[in-house]
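Visitor: Handing over model.txt, compact mmCIF, N, CA and C atoms.
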# COMPACT_ATOMS: atom_id res chain seq x y z
N MET O 1 129.93 72.08 61.42
CA MET O 1 128.86 72.92 61.84
C MET O 1 128.97 73.09 63.35
N LYS O 2 128.81 74.33 63.80
CA LYS O 2 128.96 74.64 65.21
C LYS O 2 127.62 74.56 65.91
N LYS O 3 127.58 73.89 67.06
CA LYS O 3 126.36 73.79 67.85
C LYS O 3 126.34 74.88 68.90
N PHE O 4 125.12 75.39 69.16
CA PHE O 4 124.94 76.40 70.21
C PHE O 4 124.53 75.70 71.49
N ASN O 5 125.16 76.11 72.57
CA ASN O 5 124.72 75.54 73.84
C ASN O 5 123.52 76.34 74.36
N GLY O 6 122.93 75.96 75.47
CA GLY O 6 121.74 76.60 76.02
C GLY O 6 121.94 78.07 76.33
N LEU O 7 123.10 78.46 76.86
CA LEU O 7 123.36 79.85 77.22
C LEU O 7 123.45 80.72 75.96
N SER O 8 124.11 80.22 74.92
CA SER O 8 124.23 80.98 73.67
C SER O 8 122.87 81.19 73.02
N SER O 9 122.03 80.19 73.04
CA SER O 9 120.69 80.32 72.47
C SER O 9 119.87 81.35 73.22
N LEU O 10 120.00 81.38 74.53
CA LEU O 10 119.28 82.34 75.36
C LEU O 10 119.72 83.76 75.05
N VAL O 11 121.02 83.97 74.85
CA VAL O 11 121.55 85.30 74.52
C VAL O 11 121.04 85.75 73.16
N ILE O 12 121.02 84.87 72.19
CA ILE O 12 120.52 85.21 70.85
C ILE O 12 119.03 85.54 70.90
N PHE O 13 118.25 84.75 71.62
CA PHE O 13 116.81 85.00 71.77
C PHE O 13 116.56 86.34 72.44
N ALA O 14 117.30 86.66 73.50
CA ALA O 14 117.14 87.93 74.21
C ALA O 14 117.49 89.10 73.30
N ALA O 15 118.51 88.97 72.47
CA ALA O 15 118.90 90.05 71.56
C ALA O 15 117.82 90.30 70.52
N LEU O 16 117.23 89.24 69.98
CA LEU O 16 116.14 89.40 69.02
C LEU O 16 114.91 90.02 69.66
N PHE O 17 114.59 89.59 70.86
CA PHE O 17 113.42 90.13 71.58
C PHE O 17 113.62 91.61 71.87
N ALA O 18 114.81 92.02 72.27
CA ALA O 18 115.10 93.42 72.57
C ALA O 18 115.03 94.28 71.31
N ALA O 19 115.39 93.73 70.17
CA ALA O 19 115.37 94.48 68.92
C ALA O 19 113.98 94.57 68.31
N SER O 20 113.06 93.70 68.70
CA SER O 20 111.75 93.66 68.05
C SER O 20 110.94 94.94 68.21
N PRO O 21 110.94 95.67 69.37
CA PRO O 21 110.18 96.92 69.42
C PRO O 21 110.69 97.94 68.42
N ALA O 22 112.00 98.01 68.23
CA ALA O 22 112.56 98.96 67.27
C ALA O 22 112.11 98.60 65.86
N LEU O 23 112.03 97.32 65.57
CA LEU O 23 111.58 96.88 64.25
C LEU O 23 110.10 97.17 64.06
N ALA O 24 109.29 96.98 65.11
CA ALA O 24 107.85 97.18 65.01
C ALA O 24 107.49 98.65 64.95
N ASN O 25 108.27 99.50 65.63
CA ASN O 25 107.94 100.92 65.66
C ASN O 25 108.28 101.61 64.36
N GLY O 26 109.39 101.29 63.77
CA GLY O 26 109.77 101.85 62.49
C GLY O 26 110.52 103.16 62.62
N ILE O 27 111.01 103.64 61.51
CA ILE O 27 111.76 104.88 61.45
C ILE O 27 111.01 105.83 60.53
N GLY O 28 110.83 107.09 60.97
CA GLY O 28 110.11 108.08 60.17
C GLY O 28 110.98 108.63 59.06
N GLN O 29 110.44 109.54 58.25
CA GLN O 29 111.17 110.13 57.13
C GLN O 29 112.36 110.95 57.59
N ASP O 30 112.24 111.60 58.74
CA ASP O 30 113.34 112.42 59.23
C ASP O 30 114.34 111.64 60.07
N GLY O 31 114.20 110.32 60.13
CA GLY O 31 115.11 109.48 60.88
C GLY O 31 114.71 109.27 62.32
N ALA O 32 113.66 109.92 62.77
CA ALA O 32 113.22 109.77 64.16
C ALA O 32 112.37 108.51 64.29
N ALA O 33 112.47 107.87 65.43
CA ALA O 33 111.66 106.67 65.68
C ALA O 33 110.20 107.06 65.85
N GLN O 34 109.31 106.23 65.35
CA GLN O 34 107.87 106.46 65.48
C GLN O 34 107.25 105.30 66.22
N MET O 35 106.20 105.60 66.98
CA MET O 35 105.50 104.56 67.73
C MET O 35 104.00 104.83 67.64
N ARG O 36 103.22 103.80 67.57
CA ARG O 36 101.76 103.92 67.56
C ARG O 36 101.21 103.33 68.83
N ILE O 37 100.29 104.07 69.43
CA ILE O 37 99.61 103.60 70.64
C ILE O 37 98.12 103.66 70.38
N GLY O 38 97.42 102.59 70.66
CA GLY O 38 95.98 102.55 70.49
C GLY O 38 95.28 102.27 71.81
N ILE O 39 94.19 102.95 72.03
CA ILE O 39 93.40 102.73 73.25
C ILE O 39 91.96 102.46 72.83
N THR O 40 91.39 101.41 73.34
CA THR O 40 89.99 101.12 73.10
C THR O 40 89.31 100.89 74.43
N GLY O 41 88.02 101.08 74.45
CA GLY O 41 87.26 100.86 75.67
C GLY O 41 85.79 100.82 75.37
N GLN O 42 85.03 100.46 76.36
CA GLN O 42 83.58 100.41 76.23
C GLN O 42 82.96 101.25 77.34
N VAL O 43 82.01 102.08 76.97
CA VAL O 43 81.31 102.91 77.93
C VAL O 43 79.89 102.36 78.05
N PRO O 44 79.42 102.11 79.27
CA PRO O 44 78.05 101.60 79.40
C PRO O 44 77.03 102.69 79.05
N VAL O 45 75.89 102.29 78.53
CA VAL O 45 74.81 103.23 78.22
C VAL O 45 74.11 103.58 79.53
N ILE O 46 74.05 104.87 79.80
CA ILE O 46 73.41 105.36 81.01
C ILE O 46 72.39 106.41 80.60
N CYS O 47 71.15 106.24 81.02
CA CYS O 47 70.09 107.20 80.71
C CYS O 47 69.27 107.45 81.96
N ARG O 48 68.88 108.70 82.16
CA ARG O 48 68.02 109.01 83.29
C ARG O 48 67.21 110.25 82.98
N VAL O 49 66.06 110.31 83.61
CA VAL O 49 65.18 111.48 83.49
C VAL O 49 64.67 111.80 84.89
N SER O 50 64.61 113.07 85.22
CA SER O 50 64.10 113.48 86.52
C SER O 50 63.27 114.75 86.37
N LEU O 51 62.41 114.96 87.32
CA LEU O 51 61.54 116.12 87.32
C LEU O 51 61.69 116.79 88.67
N ASP O 52 62.03 118.06 88.67
CA ASP O 52 62.23 118.73 89.96
C ASP O 52 61.23 119.86 90.15
N ALA O 53 60.11 119.54 90.74
CA ALA O 53 59.11 120.51 91.17
C ALA O 53 57.81 119.78 91.46
N ALA O 54 57.01 120.40 92.26
CA ALA O 54 55.66 119.89 92.51
C ALA O 54 54.72 120.52 91.50
N VAL O 55 53.56 119.91 91.31
CA VAL O 55 52.57 120.45 90.37
C VAL O 55 51.94 121.69 90.99
N LEU O 56 52.00 122.81 90.26
CA LEU O 56 51.41 124.06 90.72
C LEU O 56 50.35 124.50 89.73
N SER O 57 49.14 124.74 90.19
CA SER O 57 48.05 125.14 89.29
C SER O 57 48.08 126.63 89.05
N ASP O 58 47.79 127.02 87.82
CA ASP O 58 47.65 128.42 87.45
C ASP O 58 46.18 128.73 87.24
N ALA O 59 45.85 130.00 87.21
CA ALA O 59 44.45 130.42 87.03
C ALA O 59 43.94 130.11 85.62
N ASP O 60 44.81 130.00 84.65
CA ASP O 60 44.36 129.78 83.27
C ASP O 60 44.12 128.32 82.93
N GLY O 61 44.09 127.45 83.93
CA GLY O 61 43.82 126.03 83.68
C GLY O 61 45.05 125.20 83.39
N ARG O 62 46.22 125.78 83.53
CA ARG O 62 47.46 125.04 83.32
C ARG O 62 48.09 124.70 84.66
N ALA O 63 48.78 123.57 84.68
CA ALA O 63 49.54 123.18 85.87
C ALA O 63 51.01 123.12 85.47
N GLN O 64 51.85 123.84 86.19
CA GLN O 64 53.28 123.78 85.94
C GLN O 64 53.81 122.52 86.61
N VAL O 65 54.24 121.58 85.81
CA VAL O 65 54.76 120.33 86.34
C VAL O 65 56.19 120.53 86.83
N GLY O 66 56.97 121.33 86.15
CA GLY O 66 58.34 121.63 86.58
C GLY O 66 59.33 121.51 85.43
N THR O 67 60.60 121.39 85.80
CA THR O 67 61.67 121.26 84.82
C THR O 67 62.09 119.80 84.75
N MET O 68 61.99 119.24 83.56
CA MET O 68 62.41 117.87 83.33
C MET O 68 63.86 117.89 82.86
N LYS O 69 64.71 117.12 83.54
CA LYS O 69 66.12 117.01 83.16
C LYS O 69 66.36 115.61 82.63
N GLU O 70 67.00 115.54 81.48
CA GLU O 70 67.28 114.24 80.86
C GLU O 70 68.75 114.14 80.51
N PHE O 71 69.26 112.94 80.64
CA PHE O 71 70.64 112.62 80.28
C PHE O 71 70.62 111.22 79.69
N CYS O 72 71.25 111.07 78.52
CA CYS O 72 71.36 109.74 77.92
C CYS O 72 72.56 109.76 76.97
N ASN O 73 73.45 108.77 77.13
CA ASN O 73 74.64 108.71 76.27
C ASN O 73 74.51 107.64 75.18
N ASN O 74 73.29 107.21 74.89
CA ASN O 74 73.08 106.22 73.83
C ASN O 74 73.35 106.89 72.47
N PRO O 75 74.32 106.43 71.71
CA PRO O 75 74.64 107.08 70.43
C PRO O 75 73.53 106.98 69.40
N SER O 76 72.62 106.03 69.55
CA SER O 76 71.51 105.87 68.60
C SER O 76 70.31 106.72 68.96
N GLY O 77 70.34 107.37 70.11
CA GLY O 77 69.25 108.25 70.49
C GLY O 77 68.29 107.62 71.49
N TYR O 78 67.28 108.39 71.85
CA TYR O 78 66.30 107.97 72.86
C TYR O 78 65.06 108.85 72.76
N ARG O 79 64.05 108.46 73.48
CA ARG O 79 62.88 109.31 73.63
C ARG O 79 62.41 109.25 75.08
N VAL O 80 61.85 110.35 75.56
CA VAL O 80 61.30 110.41 76.91
C VAL O 80 59.78 110.29 76.79
N VAL O 81 59.20 109.37 77.55
CA VAL O 81 57.77 109.10 77.49
C VAL O 81 57.16 109.42 78.85
N MET O 82 55.99 110.08 78.85
CA MET O 82 55.25 110.34 80.07
C MET O 82 54.02 109.44 80.11
N ASN O 83 53.83 108.76 81.22
CA ASN O 83 52.60 107.99 81.45
C ASN O 83 51.65 108.87 82.26
N TYR O 84 50.38 108.83 81.92
CA TYR O 84 49.38 109.66 82.58
C TYR O 84 48.07 108.88 82.72
N PRO O 85 47.20 109.29 83.66
CA PRO O 85 45.93 108.59 83.82
C PRO O 85 44.99 108.87 82.65
N SER O 86 44.18 107.91 82.29
CA SER O 86 43.27 108.05 81.15
C SER O 86 42.24 109.16 81.35
N ALA O 87 42.01 109.56 82.60
CA ALA O 87 41.06 110.65 82.87
C ALA O 87 41.54 111.98 82.30
N MET O 88 42.80 112.07 81.96
CA MET O 88 43.35 113.31 81.41
C MET O 88 43.31 113.34 79.89
N GLU O 89 42.50 112.49 79.27
CA GLU O 89 42.53 112.35 77.82
C GLU O 89 42.17 113.61 77.05
N SER O 90 41.48 114.54 77.63
CA SER O 90 41.15 115.77 76.89
C SER O 90 42.12 116.90 77.21
N GLY O 91 43.15 116.62 77.98
CA GLY O 91 44.14 117.64 78.31
C GLY O 91 45.25 117.71 77.28
N ARG O 92 46.21 118.59 77.56
CA ARG O 92 47.36 118.74 76.67
C ARG O 92 48.63 118.85 77.51
N LEU O 93 49.69 118.28 77.01
CA LEU O 93 51.01 118.41 77.60
C LEU O 93 51.71 119.54 76.86
N ILE O 94 52.34 120.43 77.59
CA ILE O 94 53.03 121.56 76.96
C ILE O 94 54.50 121.47 77.37
N VAL O 95 55.36 121.25 76.38
CA VAL O 95 56.80 121.09 76.60
C VAL O 95 57.51 122.24 75.91
N ASP O 96 58.13 123.10 76.71
CA ASP O 96 58.82 124.29 76.18
C ASP O 96 57.92 125.10 75.26
N GLY O 97 56.65 125.22 75.61
CA GLY O 97 55.69 125.99 74.83
C GLY O 97 55.02 125.23 73.69
N ARG O 98 55.46 124.01 73.42
CA ARG O 98 54.89 123.20 72.33
C ARG O 98 53.83 122.27 72.92
N ALA O 99 52.59 122.36 72.40
CA ALA O 99 51.49 121.57 72.92
C ALA O 99 51.40 120.20 72.25
N VAL O 100 51.16 119.16 73.08
CA VAL O 100 50.97 117.80 72.60
C VAL O 100 49.66 117.29 73.19
N ALA O 101 48.72 116.87 72.34
CA ALA O 101 47.42 116.40 72.81
C ALA O 101 47.55 115.06 73.53
N LEU O 102 46.84 114.91 74.64
CA LEU O 102 46.76 113.63 75.35
C LEU O 102 45.55 112.90 74.80
N ASP O 103 45.78 111.76 74.16
CA ASP O 103 44.71 111.07 73.42
C ASP O 103 44.03 109.96 74.21
N GLY O 104 44.36 109.79 75.48
CA GLY O 104 43.74 108.74 76.28
C GLY O 104 44.47 107.42 76.23
N SER O 105 45.56 107.34 75.49
CA SER O 105 46.33 106.09 75.40
C SER O 105 47.10 105.79 76.68
N GLY O 106 47.32 106.82 77.49
CA GLY O 106 48.04 106.64 78.74
C GLY O 106 49.51 106.95 78.66
N SER O 107 50.02 107.25 77.46
CA SER O 107 51.43 107.65 77.34
C SER O 107 51.60 108.58 76.15
N VAL O 108 52.60 109.44 76.26
CA VAL O 108 52.88 110.40 75.20
C VAL O 108 54.38 110.68 75.20
N THR O 109 54.93 110.90 74.00
CA THR O 109 56.35 111.25 73.88
C THR O 109 56.54 112.71 74.25
N VAL O 110 57.42 112.94 75.22
CA VAL O 110 57.70 114.29 75.70
C VAL O 110 58.84 114.92 74.90
N SER O 111 59.90 114.17 74.67
CA SER O 111 61.02 114.67 73.88
C SER O 111 61.70 113.49 73.18
N ARG O 112 62.51 113.83 72.20
CA ARG O 112 63.21 112.81 71.40
C ARG O 112 64.57 113.37 71.00
N SER O 113 65.57 112.49 70.95
CA SER O 113 66.90 112.88 70.51
C SER O 113 67.45 111.79 69.59
N VAL O 114 68.13 112.19 68.52
CA VAL O 114 68.69 111.22 67.57
C VAL O 114 70.08 110.75 67.96
N GLY O 115 70.59 111.25 69.07
CA GLY O 115 71.90 110.84 69.58
C GLY O 115 71.98 111.10 71.06
N ALA O 116 73.16 110.95 71.61
CA ALA O 116 73.36 111.22 73.03
C ALA O 116 73.09 112.70 73.30
N ALA O 117 72.51 113.00 74.49
CA ALA O 117 72.18 114.39 74.79
C ALA O 117 71.98 114.59 76.29
N VAL O 118 72.12 115.85 76.67
CA VAL O 118 71.76 116.34 78.00
C VAL O 118 70.84 117.52 77.74
N ALA O 119 69.64 117.51 78.31
CA ALA O 119 68.68 118.57 78.01
C ALA O 119 67.78 118.85 79.21
N GLU O 120 67.18 120.04 79.18
CA GLU O 120 66.18 120.43 80.17
C GLU O 120 64.97 120.96 79.41
N HIS O 121 63.78 120.67 79.93
CA HIS O 121 62.54 121.14 79.30
C HIS O 121 61.58 121.62 80.38
N ARG O 122 60.88 122.69 80.11
CA ARG O 122 59.82 123.16 80.99
C ARG O 122 58.55 122.39 80.62
N VAL O 123 57.94 121.74 81.61
CA VAL O 123 56.78 120.89 81.36
C VAL O 123 55.56 121.45 82.09
N GLU O 124 54.47 121.57 81.34
CA GLU O 124 53.19 122.01 81.90
C GLU O 124 52.10 121.08 81.39
N ILE O 125 50.98 121.07 82.09
CA ILE O 125 49.81 120.32 81.64
C ILE O 125 48.63 121.27 81.63
N GLU O 126 47.92 121.26 80.52
CA GLU O 126 46.68 122.03 80.44
C GLU O 126 45.56 121.13 80.91
N LEU O 127 44.92 121.53 81.98
CA LEU O 127 43.91 120.68 82.61
C LEU O 127 42.60 120.70 81.83
N ASN O 128 41.94 119.56 81.83
CA ASN O 128 40.61 119.52 81.25
C ASN O 128 39.62 120.03 82.30
N GLN O 129 38.36 120.12 81.98
CA GLN O 129 37.37 120.69 82.90
C GLN O 129 37.20 119.87 84.17
N GLY O 130 37.49 118.59 84.12
CA GLY O 130 37.36 117.73 85.30
C GLY O 130 38.50 117.89 86.28
N GLY O 131 39.52 118.65 85.91
CA GLY O 131 40.67 118.84 86.80
C GLY O 131 41.70 117.75 86.59
N TYR O 132 42.62 117.65 87.52
CA TYR O 132 43.70 116.69 87.41
C TYR O 132 43.71 115.78 88.63
N ARG O 133 43.74 114.50 88.37
CA ARG O 133 43.88 113.51 89.44
C ARG O 133 44.73 112.37 88.91
N GLY O 134 45.65 111.91 89.74
CA GLY O 134 46.49 110.78 89.34
C GLY O 134 47.95 111.17 89.29
N ASP O 135 48.74 110.18 88.98
CA ASP O 135 50.19 110.36 88.96
C ASP O 135 50.72 110.40 87.53
N LEU O 136 51.78 111.16 87.36
CA LEU O 136 52.52 111.19 86.11
C LEU O 136 53.85 110.50 86.34
N SER O 137 54.30 109.74 85.36
CA SER O 137 55.62 109.13 85.46
C SER O 137 56.34 109.28 84.13
N PHE O 138 57.66 109.39 84.21
CA PHE O 138 58.48 109.60 83.02
C PHE O 138 59.51 108.48 82.92
N ARG O 139 59.82 108.09 81.68
CA ARG O 139 60.82 107.04 81.44
C ARG O 139 61.54 107.35 80.13
N ILE O 140 62.74 106.77 79.99
CA ILE O 140 63.51 106.91 78.75
C ILE O 140 63.49 105.57 78.03
N GLU O 141 63.22 105.62 76.73
CA GLU O 141 63.28 104.43 75.87
C GLU O 141 64.39 104.65 74.84
N LEU O 142 65.25 103.65 74.70
CA LEU O 142 66.35 103.74 73.73
C LEU O 142 65.84 103.50 72.33
N LEU O 143 66.41 104.20 71.37
CA LEU O 143 66.03 104.02 69.95
C LEU O 143 67.01 103.10 69.27
Kindly present the structure from the file in structure tokens form.
Guide:
Amino acid sequence: MKKFNGLSSLVIFAALFAASPALANGIGQDGAAQMRIGITGQVPVICRVSLDAAVLSDADGRAQVGTMKEFCNNPSGYRVVMNYPSAMESGRLIVDGRAVALDGSGSVTVSRSVGAAVAEHRVEIELNQGGYRGDLSFRIELL
């Protein structure tokens, strides 16, 4: 039986290692070599909502709050919530022409998405007879 010295073993190991990609890649039906490449990654969830305009009162008792811009890449969706002072409980929030009653709870859902989205909405508030006082704030909640 013939013994391999250290140099011979190294040459054999290097030859096997060099041949392994060809073995792993395989040969296609037409004789061409095939290779598979996979890429994976993770994207952080980023959500934001902003409002660009000052509150402007109209003669018909509505206040134009402005354009709300929302961005959220959560694949499960999100909702935008507005916090408002309890004194506005008899008013209404109007989002893109759709009215939502303010019930005095201090918060109301402005918009909702079942997946990631980028959207803009025109936001108005219908003032009650006492007028409007206080701050409005908007936040995104993940679903």
Visitor: Closest to Ser137 of chain O among O:Val81, O:Ala33, O:Val45, O:Cys72, using all atoms listed in the file?
Guide: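 Going through O:Val81, O:Ala33, O:Val45, O:Cys72 one by one, the smallest distance to Ser137 of chain O is for O:Val81.
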Visitor: Smallest atom-to-atom distance to Val80 of chain O: which of O:Thr67, O:Thr40, O:Ser111, O:Gln34, using all atoms listed in the file?
Guide: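 Using all atoms listed in the file, the shortest distance to Val80 of chain O belongs to O:Ser111.
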Visitor: Interatomic distance between atom C of Val65 of chain O and atom C of Glu126 of chain O?
Guide: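 Atom-to-atom, atom C of Val65 of chain O to atom C of Glu126 of chain O, that is 12.2 Å.
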Visitor: Using all atoms listed in the file, can you tell me which of O:Ser107, O:Tyr84, O:Ala117, O:Val43 comes closest to Glu70 of chain O?
Guide: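 When distances to Glu70 of chain O are compared using all atoms listed in the file, the smallest one comes from O:Ala117.
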Visitor: Neighbouring residues of Cys47 of chain O were defined as those with any atom within 12 Å, considering only C-alpha atoms; residues of the same chain fewer than 6 positions away were excluded. Please report them as a list of chain:residue names.
Guide: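 Near Cys47 of chain O, the qualifying residues are O:Lys69, O:Glu70, O:Phe71, O:Cys72, O:Asn73, O:Asn74, O:Pro75, O:Gly77, O:Tyr78, O:Arg79, O:Val80, O:Gly115, O:Ala116, O:Ala117, O:Val118, O:Ala119, O:Arg139, O:Ile140, O:Glu141, O:Leu142, O:Leu143.
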Visitor: Can you report as AutoDock Vina command-line options the centre and edge lengths in Å, to one decimal, of an axis-aligned box around the listed atoms of segment 93-110 of chain O padded with 3 Å on each side?
Guide:
--center_x 51.3 --center_y 115.9 --center_z 75.5 --size_x 21.1 --size_y 26.2 --size_z 12.5
Visitor: Rounded to one decimal in Å, what is the spacing between atom C of Arg48 of chain O and atom C of Gln64 of chain O?
Guide: 18.5 Å
Visitor: What does the distance from atom N of Glu124 of chain O to atom C of Leu93 of chain O come to in Å, to one decimal?
Guide: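 If I compute the distance from atom N of Glu124 of chain O to atom C of Leu93 of chain O, I get 5.6 Å.
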Visitor: Using only N, CA and C atoms, can you tell me which of O:Met68, O:Val108, O:Leu102, O:Met35 comes closest to Arg122 of chain O?
Guide: O:Met68
Visitor: In terms of the shortest atom-to-atom distance over all atoms listed in the file, which of O:Ser76, O:Asp96, O:Leu136, O:Pro85 is closest to Ser113 of chain O?
Guide: O:Ser76
Visitor: So which residues touch Leu127 of chain O within 5 Å, counting only N, CA and C atoms, skipping near sequence neighbours fewer than 2 positions away, as number ranges by chain?
Guide: O: 61-62, 91, 125, 129
Visitor: Go through O:Val123, O:Ile46, O:Asp103, O:Val95 and flag the residue nearest Gly66 of chain O, using only C-alpha atoms for the distances.
Guide: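 Result for the nearest residue to Gly66 of chain O: O:Val123.
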